[in-house]
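K.L.:
Structure: query17.csv, CSV, C-alpha atoms.
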chain,number,residue,atom,x,y,z
A,46,MET,CA,37.7,-2.1,6.3
A,47,VAL,CA,35.2,-3.4,8.9
A,48,ASN,CA,34.8,0.1,10.4
A,49,LEU,CA,34.3,1.6,7.0
A,50,LEU,CA,31.5,-0.9,6.2
A,51,GLN,CA,29.9,-0.3,9.6
A,52,ASN,CA,30.0,3.5,9.1
A,53,GLU,CA,28.4,3.1,5.6
A,54,THR,CA,25.7,0.8,7.0
A,55,ASN,CA,24.9,3.2,9.9
A,56,ALA,CA,24.8,6.2,7.5
A,57,ALA,CA,22.4,4.3,5.2
A,58,ALA,CA,20.1,3.3,8.1
A,59,GLU,CA,19.9,6.9,9.3
A,60,LYS,CA,18.5,7.9,5.9
A,61,LEU,CA,15.6,5.5,6.1
A,62,GLN,CA,12.2,6.9,6.9
A,63,ALA,CA,10.0,4.8,9.1
A,64,GLY,CA,6.6,3.8,7.8
A,65,VAL,CA,3.9,1.2,8.3
A,66,ASP,CA,1.4,-0.8,6.2
A,67,VAL,CA,-2.2,-0.4,7.4
A,68,SER,CA,-5.4,-2.2,6.5
A,69,SER,CA,-8.7,-3.0,8.2
A,70,TYR,CA,-6.8,-5.5,10.4
A,71,GLN,CA,-5.1,-2.6,12.3
A,72,GLY,CA,-8.4,-0.6,12.7
A,73,LYS,CA,-8.8,3.1,12.6
A,74,PRO,CA,-5.8,5.4,13.2
A,75,ALA,CA,-6.6,5.7,16.8
A,76,SER,CA,-5.9,2.0,17.1
A,77,TRP,CA,-2.6,1.8,15.4
A,78,ALA,CA,-1.0,5.3,15.4
A,79,SER,CA,0.5,5.2,18.8
A,80,GLU,CA,1.8,1.7,18.4
A,81,ALA,CA,3.4,2.7,15.0
A,82,GLY,CA,5.5,5.3,16.8
A,83,SER,CA,7.3,8.1,14.9
A,84,ILE,CA,6.5,7.3,11.3
A,85,SER,CA,6.9,9.6,8.3
A,86,TRP,CA,4.6,7.6,5.9
A,87,ALA,CA,2.1,4.8,5.7
A,88,ALA,CA,0.9,2.5,3.0
A,89,VAL,CA,-2.9,2.1,3.1
A,90,LYS,CA,-4.7,-0.8,1.7
A,91,ILE,CA,-7.6,0.5,-0.4
A,92,THR,CA,-9.1,-2.4,-2.4
A,93,GLU,CA,-8.9,-6.1,-3.2
A,94,LEU,CA,-10.8,-7.6,-6.1
A,95,GLU,CA,-11.0,-11.3,-5.4
A,96,PRO,CA,-11.1,-14.1,-7.9
A,97,GLY,CA,-14.7,-14.9,-7.0
A,98,GLY,CA,-15.7,-11.4,-7.8
A,99,THR,CA,-15.9,-10.1,-4.2
A,100,ARG,CA,-15.1,-6.4,-4.1
A,101,TYR,CA,-13.4,-5.5,-0.8
A,102,VAL,CA,-12.9,-1.9,0.2
A,103,ASN,CA,-10.9,-1.2,3.4
A,104,PRO,CA,-13.6,0.3,5.7
A,105,TYR,CA,-10.9,2.4,7.4
A,106,ALA,CA,-9.1,3.6,4.3
A,107,ALA,CA,-10.7,7.1,4.4
A,108,ALA,CA,-9.9,7.5,8.1
A,109,ASP,CA,-6.3,6.4,7.5
A,110,TRP,CA,-5.9,8.6,4.5
A,111,ASP,CA,-7.3,11.7,6.3
A,112,TRP,CA,-5.3,11.1,9.4
A,113,LEU,CA,-2.1,10.8,7.4
A,114,ALA,CA,-2.9,14.1,5.6
A,115,SER,CA,-3.8,15.9,8.9
A,116,LYS,CA,-0.5,14.8,10.4
A,117,LYS,CA,1.5,15.7,7.2
A,118,LYS,CA,2.7,12.1,6.7
A,119,GLY,CA,3.5,10.5,3.4
A,120,ARG,CA,0.6,8.5,1.9
A,121,ILE,CA,0.8,5.4,-0.3
A,122,ALA,CA,-2.4,3.9,-1.5
A,123,TYR,CA,-2.2,0.2,-2.5
A,124,LEU,CA,-4.4,-2.4,-4.1
A,125,PHE,CA,-4.0,-6.1,-3.1
A,126,GLY,CA,-3.7,-7.9,-6.4
A,127,HIS,CA,-5.0,-11.3,-7.6
A,128,PRO,CA,-3.3,-12.2,-10.9
A,129,SER,CA,-6.2,-14.4,-11.9
A,130,VAL,CA,-8.5,-11.4,-12.0
A,131,SER,CA,-8.5,-8.9,-14.9
A,132,ALA,CA,-5.8,-6.3,-14.5
A,133,ALA,CA,-8.2,-3.7,-16.0
A,134,SER,CA,-11.0,-4.5,-13.6
A,135,THR,CA,-8.6,-4.6,-10.7
A,136,VAL,CA,-7.2,-1.1,-11.5
A,137,ASN,CA,-10.6,0.4,-12.4
A,138,PHE,CA,-12.0,-0.7,-9.0
A,139,PHE,CA,-9.0,0.7,-7.2
A,140,ILE,CA,-9.1,4.0,-9.1
A,141,THR,CA,-12.8,4.5,-8.4
A,142,GLN,CA,-12.1,4.2,-4.6
A,143,LEU,CA,-9.0,6.3,-4.8
A,144,ASP,CA,-10.8,9.1,-6.6
A,145,ALA,CA,-13.2,9.2,-3.7
A,146,LEU,CA,-10.3,9.6,-1.3
A,147,GLY,CA,-8.4,12.1,-3.3
A,148,LEU,CA,-4.9,11.8,-4.6
A,149,ARG,CA,-2.3,14.6,-4.1
A,150,ASP,CA,0.8,15.1,-6.2
A,151,ALA,CA,3.1,13.8,-3.3
A,152,ASP,CA,1.0,10.6,-2.8
A,153,GLY,CA,2.1,7.3,-4.1
A,154,VAL,CA,0.3,4.2,-5.4
A,155,ALA,CA,1.5,0.6,-5.2
A,156,LEU,CA,0.5,-2.9,-6.0
A,157,ASP,CA,0.6,-5.5,-3.2
A,158,LEU,CA,1.2,-8.8,-4.9
A,159,GLU,CA,1.4,-11.6,-2.4
A,160,VAL,CA,-0.4,-14.4,-4.2
A,161,ASN,CA,0.0,-16.2,-7.5
A,162,ASP,CA,-3.6,-17.7,-7.7
A,163,GLY,CA,-2.0,-20.8,-9.0
A,164,LEU,CA,-0.4,-19.1,-12.0
A,165,SER,CA,3.1,-19.4,-13.2
A,166,ALA,CA,5.7,-16.8,-12.4
A,167,SER,CA,5.8,-15.5,-15.9
A,168,LYS,CA,2.0,-15.1,-16.0
A,169,VAL,CA,2.1,-13.3,-12.6
A,170,ALA,CA,4.8,-11.0,-13.9
A,171,THR,CA,2.9,-10.2,-17.1
A,172,TRP,CA,-0.2,-9.5,-15.0
A,173,GLY,CA,1.8,-7.1,-12.8
A,174,ALA,CA,3.1,-5.3,-15.9
A,175,ASP,CA,-0.5,-5.1,-17.2
A,176,VAL,CA,-1.6,-3.5,-13.9
A,177,GLN,CA,1.2,-1.0,-14.2
A,178,SER,CA,0.2,-0.1,-17.8
A,179,GLU,CA,-3.4,0.4,-16.8
Translate the structure described by the file into structure tokens.
P.N.:
Amino acid sequence: MVNLLQNETNAAAEKLQAGVDVSSYQGKPASWASEAGSISWAAVKITELEPGGTRYVNPYAAADWDWLASKKKGRIAYLFGHPSVSAASTVNFFITQLDALGLRDADGVALDLEVNDGLSASKVATWGADVQSE
């Protein structure tokens, strides 16, 4: 039984595709690409609309997005979400920036939800659903 489980675990691991999450912290692709190793995709932070109204755009998003396309790597664009900020405003800001970068049929989009901004779990969940519906 143990060998069977080990074989299933190894088979599942072999199907995984390596990827990374990149934002301005990592810098331009020249700074992170070699360290990332053999990846097949990357998630790129595009925007963050902060509770105080600050609109952050990853200054390296275009370079990351273009590099991934040139290397035929999978691309996932993501917004960093703050549930105390309007879901509609958050999504509109993200889409404006994403439209400038260009979205292909094979690209993905995602919500990075790491903070609750002091809201309850149910309010954060509702906000996440509102982002999705936008």
K.L.:
For range 74-84 of chain A, find every residue with an atom within 10 Å (counting all atoms listed in the file), except residues of its own chain fewer than 4 positions away, and show them as a list in words.
P.N.:
Gln62, Ala63, Gly64, Val65, Asp66, Val67, Tyr70, Tyr105, Ala106, Ala108, Asp109, Trp110, Asp111, Trp112, Leu113, Lys118 and Gly119 of chain A
K.L.:
Expressed in Å to a single decimal, how great is the separation between CA of Leu146 in chain A and CA of Ser85 in chain A?
P.N.:
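These atoms are spaced 19.7 Å apart.
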K.L.:
So that I can see what lies close to Glu159 in chain A, please list as a list in words the residues with an atom at most 10 Å from it, counting all atoms listed in the file and leaving out residues fewer than 4 positions away in the same chain.
P.N.:
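Once the adjacent positions are removed, what remains is Phe125, Gly126, His127 and Pro128 of chain A.
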K.L.:
Could you tell me how far CA of Phe139 in chain A sits from CA of Ile91 in chain A, in Å to one decimal place?
P.N.:
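Separation of CA of Ile91 in chain A and CA of Phe139 in chain A: 6.9 Å.
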K.L.:
Excluding range 160-165 of chain A and residues on its chain fewer than 3 positions from it, collect all residues at most 12 Å away from it, counting all atoms listed in the file, and give them as a list in words.
P.N.:
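Here the answer would be Glu93, Glu95, Pro96, Gly97, Phe125, Gly126, His127, Pro128, Ser129, Val130, Leu156, Asp157, Lys168, Val169, Ala170, Thr171, Trp172 and Gly173 of chain A.
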K.L.:
Pick the closest to Gly153 in chain A from A:Ala107, A:Ile121, A:Gln177, A:Lys73: which is it, counting only C-alpha atoms?
P.N.:
A:Ile121
K.L.:
Give me, please, the distance in Å between CA of Lys117 in chain A and CA of Ser69 in chain A, quoted to one decimal.
P.N.:
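Between CA of Lys117 in chain A and CA of Ser69 in chain A the gap works out to 21.3 Å.
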K.L.:
Can you work out which one of A:Arg120, A:Pro104, A:Ala132, A:Ala114 has the shortest atom-to-atom distance to Ser178 in chain A, counting all atoms listed in the file?
P.N.:
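Checking each candidate against Ser178 in chain A, we get A:Ala132 as the closest.
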K.L.:
Given the choices A:Asn103, A:Ala87, A:Gly98, A:Ile140, which gets closest to Lys116 in chain A if the distance is worked out from all atoms listed in the file?
P.N.:
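Distance minimum relative to Lys116 in chain A lands on A:Ala87.
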